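Taking it in order: structure first as structure tokens, then the write-up.
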Amino acid sequence: MADMRLVIVGAAGRMGQALVRAIADRDGAVVCGAVERQGSPLLGKDIGELAGTGPSGILVCDDPLAAFAKADGVIDFTSPAVSVEFAALTAQMGLVHVIGTTGLEVQHESSIARAAERATIIKSGNMSLGVNLLSVLVQQAAKALEAADWDIEVLEMHHKHKVDAPSGTAYLLAKAAAQGRDIDLESHAVRVRDGQTGPREPGTIGFATLRGGSVVGEHSVILAGEGETVELTHRALDRTIFARGAIKAALWGQGRKPGLYSMLDVLGLS
Ligand code: NAD
């Protein structure tokens with residue numbers, strides 16, 4: 001089978017560069033296009049040279065339509081409004097679209113779900129095997145440890161450049177806990193605490209966010225009972241884990257019918 005031709009959008013970003021390196025390191029996929037925002041100073045540069053893998057002949061461009069026309073799939077770690085825009089294009093062209101972008105609001109989610117009627121979209125707030133496995137364990141723990149006796153808190157830390165909070169992964173893990181408890185996350189989430197908050201509301205799921213330095217991503221789900229706590233933790237040491245997961249998702253999506261899929265589907269954990 002021919003290599004899957006992938007366009008990296010947000011190609012000059014932290015994840016874009018990690019993707020170019022990860023694709024160079026494996027068989028089955030090639031980069032056929034690199035898209036950046038209009039006005040980026042990196043337009044026209046060779047993507048392989050930028051990522052440190054050597055000259056590739058693929059120049060960073062700001063014309064997604066032309067790039068997508070030559071592709072089988074698109075990998076997208078950009079920003080919510082940009083991912084929605086690209087999803088409309090991948091739907092038009094019937095491509096595989098892997099979305100790792102986080103911070104999506106309800107209106108972004110529904111636009112992406114509409115696009116998935118015609119595109120094969122694989123979307124996850126965390127593309128790593130470890131976090132997706134952790135989400136299954138969190139769901140089991142939340143189910144086994146009753147809400148009356150066990151409080152659930154999600155703690156995360158990321159590098160100082162991250163622009164959204166709580167992280168997509170914190171949200172993904174909290175959602176798994178809510179599923180385990182058979183409750184709706186939105187109406188039970190406590191996203192921020194400040195000042196005279198009063199005692200903890202039973203049955204809620206709390207978030208705490210830390211930002212600093214170059215931390216790639218650390219998440220703990222803490223189940224706190226009377227006299228004991230259980231902590232389920234994942235530490236990302238390198239962005240390559242997300243890049244490898246995203247490539248695996250793109251390859252998994254090849255030839256699959258349009259729809260909205262998650263990494264749990266890709267990893268056979270759903
Ligand atoms: P980044 O800021 O380094 O990269 C984003 C890139 O997108 C930038 O280079 C920017 O110029 C580019 N961009 C903006 N508008 C564009 C447009 N219209 N067309 C093409 N490119 C455009 O950010 P990052 O650290 O790479 O993270 C990107 C996103 O991925 C964030 O939402 C982050 O939270 C998320 N993320 C998800 C996972 C996961 O596993 N799902 C892992 C890491 C990061």
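In the structure tokens, chains take the letters A, B, ... in the order shown, each chain's residues start at 1, and ligands count up from 1 in the order shown.
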| task | Using DSSP on the backbone coordinates, identify all residues within stretch 30-118 of chain A classified as alpha helix (DSSP H); present the result as number ranges by chain. | result | A: 47-51, 64-68, 80-93, 106-115
| said: List as a PyMOL selection string the protein and nucleic acid residues near stretch 58-70 of chain A, meaning an atom at most 10 Å away when only C-alpha atoms are counted, but skip any in the same chain fewer than 5 places from it. | reply: chain A and resi 5-12+31-50+86+89-90+93+95
Contact residues around stretch 113-115 of chain A with only C-alpha atoms at 12 Å, ignoring same-chain residues under 2 positions, as a PDB file with N, CA, C and O atoms, in the first residue's frame:
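File around.pdb, as written:
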ATOM      1  N   SER A  83      -9.377  25.045  13.466  1.00  0.00           N
ATOM      2  CA  SER A  83      -9.735  23.630  13.255  1.00  0.00           C
ATOM      3  C   SER A  83     -11.137  23.513  12.668  1.00  0.00           C
ATOM      4  O   SER A  83     -11.387  22.650  11.818  1.00  0.00           O
ATOM      5  N   VAL A  84     -12.058  24.385  13.094  1.00  0.00           N
ATOM      6  CA  VAL A  84     -13.418  24.367  12.539  1.00  0.00           C
ATOM      7  C   VAL A  84     -13.363  24.716  11.050  1.00  0.00           C
ATOM      8  O   VAL A  84     -14.004  24.058  10.221  1.00  0.00           O
ATOM      9  N   GLU A  85     -12.575  25.716  10.709  1.00  0.00           N
ATOM     10  CA  GLU A  85     -12.416  26.121   9.300  1.00  0.00           C
ATOM     11  C   GLU A  85     -11.867  24.956   8.457  1.00  0.00           C
ATOM     12  O   GLU A  85     -12.372  24.646   7.384  1.00  0.00           O
ATOM     13  N   PHE A  86     -10.834  24.294   8.987  1.00  0.00           N
ATOM     14  CA  PHE A  86     -10.230  23.181   8.242  1.00  0.00           C
ATOM     15  C   PHE A  86     -11.193  21.996   8.146  1.00  0.00           C
ATOM     16  O   PHE A  86     -11.197  21.280   7.151  1.00  0.00           O
ATOM     17  N   ALA A  87     -12.030  21.798   9.177  1.00  0.00           N
ATOM     18  CA  ALA A  87     -12.983  20.674   9.142  1.00  0.00           C
ATOM     19  C   ALA A  87     -13.986  20.874   8.005  1.00  0.00           C
ATOM     20  O   ALA A  87     -14.393  19.905   7.357  1.00  0.00           O
ATOM     21  N   ALA A  88     -14.370  22.128   7.734  1.00  0.00           N
ATOM     22  CA  ALA A  88     -15.293  22.381   6.614  1.00  0.00           C
ATOM     23  C   ALA A  88     -14.611  21.973   5.302  1.00  0.00           C
ATOM     24  O   ALA A  88     -15.248  21.391   4.414  1.00  0.00           O
ATOM     25  N   LEU A  89     -13.314  22.241   5.177  1.00  0.00           N
ATOM     26  CA  LEU A  89     -12.583  21.882   3.950  1.00  0.00           C
ATOM     27  C   LEU A  89     -12.391  20.367   3.839  1.00  0.00           C
ATOM     28  O   LEU A  89     -12.582  19.791   2.763  1.00  0.00           O
ATOM     29  N   THR A  90     -12.023  19.712   4.939  1.00  0.00           N
ATOM     30  CA  THR A  90     -11.800  18.254   4.859  1.00  0.00           C
ATOM     31  C   THR A  90     -13.127  17.544   4.566  1.00  0.00           C
ATOM     32  O   THR A  90     -13.141  16.512   3.900  1.00  0.00           O
ATOM     33  N   ALA A  91     -14.243  18.141   5.035  1.00  0.00           N
ATOM     34  CA  ALA A  91     -15.560  17.548   4.724  1.00  0.00           C
ATOM     35  C   ALA A  91     -15.838  17.677   3.228  1.00  0.00           C
ATOM     36  O   ALA A  91     -16.266  16.717   2.584  1.00  0.00           O
ATOM     37  N   GLN A  92     -15.575  18.870   2.684  1.00  0.00           N
ATOM     38  CA  GLN A  92     -15.775  19.093   1.239  1.00  0.00           C
ATOM     39  C   GLN A  92     -14.998  18.077   0.412  1.00  0.00           C
ATOM     40  O   GLN A  92     -15.453  17.597  -0.606  1.00  0.00           O
ATOM     41  N   MET A  93     -13.787  17.750   0.890  1.00  0.00           N
ATOM     42  CA  MET A  93     -12.889  16.915   0.095  1.00  0.00           C
ATOM     43  C   MET A  93     -12.898  15.455   0.531  1.00  0.00           C
ATOM     44  O   MET A  93     -12.188  14.630  -0.054  1.00  0.00           O
ATOM     45  N   GLY A  94     -13.669  15.120   1.577  1.00  0.00           N
ATOM     46  CA  GLY A  94     -13.789  13.740   2.044  1.00  0.00           C
ATOM     47  C   GLY A  94     -12.474  13.162   2.560  1.00  0.00           C
ATOM     48  O   GLY A  94     -12.148  12.003   2.302  1.00  0.00           O
ATOM     49  N   LEU A  95     -11.714  13.975   3.326  1.00  0.00           N
ATOM     50  CA  LEU A  95     -10.395  13.524   3.811  1.00  0.00           C
ATOM     51  C   LEU A  95     -10.476  12.986   5.240  1.00  0.00           C
ATOM     52  O   LEU A  95     -11.468  13.176   5.940  1.00  0.00           O
ATOM     53  N   VAL A  96      -9.387  12.340   5.658  1.00  0.00           N
ATOM     54  CA  VAL A  96      -9.212  11.999   7.074  1.00  0.00           C
ATOM     55  C   VAL A  96      -8.661  13.254   7.757  1.00  0.00           C
ATOM     56  O   VAL A  96      -7.740  13.890   7.243  1.00  0.00           O
ATOM     57  N   HIS A  97      -9.247  13.630   8.893  1.00  0.00           N
ATOM     58  CA  HIS A  97      -8.817  14.846   9.599  1.00  0.00           C
ATOM     59  C   HIS A  97      -8.590  14.501  11.069  1.00  0.00           C
ATOM     60  O   HIS A  97      -9.532  14.150  11.782  1.00  0.00           O
ATOM     61  N   ILE A  99      -7.755  15.845  14.643  1.00  0.00           N
ATOM     62  CA  ILE A  99      -7.781  17.127  15.367  1.00  0.00           C
ATOM     63  C   ILE A  99      -7.284  16.921  16.799  1.00  0.00           C
ATOM     64  O   ILE A  99      -7.913  16.232  17.605  1.00  0.00           O
ATOM     65  N   VAL A 106     -18.613  24.691  22.862  1.00  0.00           N
ATOM     66  CA  VAL A 106     -19.740  23.907  22.335  1.00  0.00           C
ATOM     67  C   VAL A 106     -19.971  24.177  20.847  1.00  0.00           C
ATOM     68  O   VAL A 106     -20.204  23.256  20.064  1.00  0.00           O
ATOM     69  N   GLN A 107     -19.876  25.463  20.430  1.00  0.00           N
ATOM     70  CA  GLN A 107     -20.157  25.780  19.010  1.00  0.00           C
ATOM     71  C   GLN A 107     -19.105  25.174  18.093  1.00  0.00           C
ATOM     72  O   GLN A 107     -19.403  24.752  16.968  1.00  0.00           O
ATOM     73  N   HIS A 108     -17.837  25.076  18.570  1.00  0.00           N
ATOM     74  CA  HIS A 108     -16.795  24.431  17.756  1.00  0.00           C
ATOM     75  C   HIS A 108     -17.094  22.938  17.629  1.00  0.00           C
ATOM     76  O   HIS A 108     -16.995  22.360  16.553  1.00  0.00           O
ATOM     77  N   GLU A 109     -17.460  22.336  18.772  1.00  0.00           N
ATOM     78  CA  GLU A 109     -17.745  20.889  18.781  1.00  0.00           C
ATOM     79  C   GLU A 109     -18.871  20.577  17.809  1.00  0.00           C
ATOM     80  O   GLU A 109     -18.806  19.591  17.068  1.00  0.00           O
ATOM     81  N   SER A 110     -19.920  21.438  17.778  1.00  0.00           N
ATOM     82  CA  SER A 110     -21.042  21.074  16.900  1.00  0.00           C
ATOM     83  C   SER A 110     -20.682  21.294  15.434  1.00  0.00           C
ATOM     84  O   SER A 110     -21.106  20.513  14.577  1.00  0.00           O
ATOM     85  N   SER A 111     -19.864  22.302  15.110  1.00  0.00           N
ATOM     86  CA  SER A 111     -19.431  22.475  13.707  1.00  0.00           C
ATOM     87  C   SER A 111     -18.596  21.260  13.274  1.00  0.00           C
ATOM     88  O   SER A 111     -18.725  20.777  12.143  1.00  0.00           O
ATOM     89  N   GLU A 117     -19.969  14.423   9.170  1.00  0.00           N
ATOM     90  CA  GLU A 117     -20.918  13.677   8.331  1.00  0.00           C
ATOM     91  C   GLU A 117     -20.261  13.321   6.999  1.00  0.00           C
ATOM     92  O   GLU A 117     -20.659  12.383   6.331  1.00  0.00           O
ATOM     93  N   ARG A 118     -19.233  14.099   6.610  1.00  0.00           N
ATOM     94  CA  ARG A 118     -18.582  13.833   5.309  1.00  0.00           C
ATOM     95  C   ARG A 118     -17.080  13.568   5.420  1.00  0.00           C
ATOM     96  O   ARG A 118     -16.479  13.017   4.507  1.00  0.00           O
ATOM     97  N   ALA A 119     -16.463  13.977   6.517  1.00  0.00           N
ATOM     98  CA  ALA A 119     -15.026  13.707   6.705  1.00  0.00           C
ATOM     99  C   ALA A 119     -14.875  12.627   7.775  1.00  0.00           C
ATOM    100  O   ALA A 119     -15.759  12.449   8.611  1.00  0.00           O
ATOM    101  N   THR A 120     -13.746  11.923   7.738  1.00  0.00           N
ATOM    102  CA  THR A 120     -13.440  10.957   8.804  1.00  0.00           C
ATOM    103  C   THR A 120     -12.611  11.713   9.832  1.00  0.00           C
ATOM    104  O   THR A 120     -11.423  11.959   9.614  1.00  0.00           O
ATOM    105  N   ILE A 121     -13.250  12.137  10.922  1.00  0.00           N
ATOM    106  CA  ILE A 121     -12.554  12.999  11.893  1.00  0.00           C
ATOM    107  C   ILE A 121     -12.226  12.195  13.153  1.00  0.00           C
ATOM    108  O   ILE A 121     -13.100  11.552  13.742  1.00  0.00           O
ATOM    109  N   ILE A 122     -10.963  12.244  13.540  1.00  0.00           N
ATOM    110  CA  ILE A 122     -10.548  11.621  14.792  1.00  0.00           C
ATOM    111  C   ILE A 122     -10.083  12.769  15.682  1.00  0.00           C
ATOM    112  O   ILE A 122      -9.137  13.471  15.347  1.00  0.00           O
ATOM    113  N   LYS A 123     -10.785  12.971  16.800  1.00  0.00           N
ATOM    114  CA  LYS A 123     -10.516  14.135  17.636  1.00  0.00           C
ATOM    115  C   LYS A 123     -10.284  13.671  19.067  1.00  0.00           C
ATOM    116  O   LYS A 123     -11.035  12.834  19.575  1.00  0.00           O
ATOM    117  N   PRO A 258     -16.945   8.080   6.889  1.00  0.00           N
ATOM    118  CA  PRO A 258     -17.009   9.352   7.608  1.00  0.00           C
ATOM    119  C   PRO A 258     -17.659   9.191   8.976  1.00  0.00           C
ATOM    120  O   PRO A 258     -18.527   8.341   9.158  1.00  0.00           O
ATOM    121  N   GLY A 259     -17.241  10.006   9.924  1.00  0.00           N
ATOM    122  CA  GLY A 259     -17.800   9.947  11.275  1.00  0.00           C
ATOM    123  C   GLY A 259     -16.854  10.656  12.226  1.00  0.00           C
ATOM    124  O   GLY A 259     -15.752  11.057  11.837  1.00  0.00           O
ATOM    125  N   LEU A 260     -17.302  10.794  13.474  1.00  0.00           N
ATOM    126  CA  LEU A 260     -16.475  11.440  14.493  1.00  0.00           C
ATOM    127  C   LEU A 260     -15.963  10.353  15.436  1.00  0.00           C
ATOM    128  O   LEU A 260     -16.756   9.698  16.116  1.00  0.00           O
ATOM    129  N   TYR A 261     -14.660  10.145  15.445  1.00  0.00           N
ATOM    130  CA  TYR A 261     -14.046   9.074  16.237  1.00  0.00           C
ATOM    131  C   TYR A 261     -13.123   9.688  17.293  1.00  0.00           C
ATOM    132  O   TYR A 261     -12.718  10.841  17.180  1.00  0.00           O
TER     133      TYR A 261
END
| Residue contacts of A:Gln179 (10 Å, only C-alpha atoms) excluding same-chain residues fewer than 2 positions away, as a PyMOL selection string | chain A and resi 138-140+142-143+173-177+181-185
| request: Compute the set of protein, DNA and RNA residues whose minimum atom distance to ligand 1 is at most 8 Å, using only C-alpha atoms and all ligand atoms, and state it as a PyMOL selection string. | output: chain A and resi 9-17+35-38+40+62+64+76-80+82+99-103+123-128+161-164+167-169+216+239+241-243+245-246
| field | strand (DSSP E or B) positions in stretch 18-95 of chain A, given as a PyMOL selection string | value | chain A and resi 29-35+46+59-61+73-76
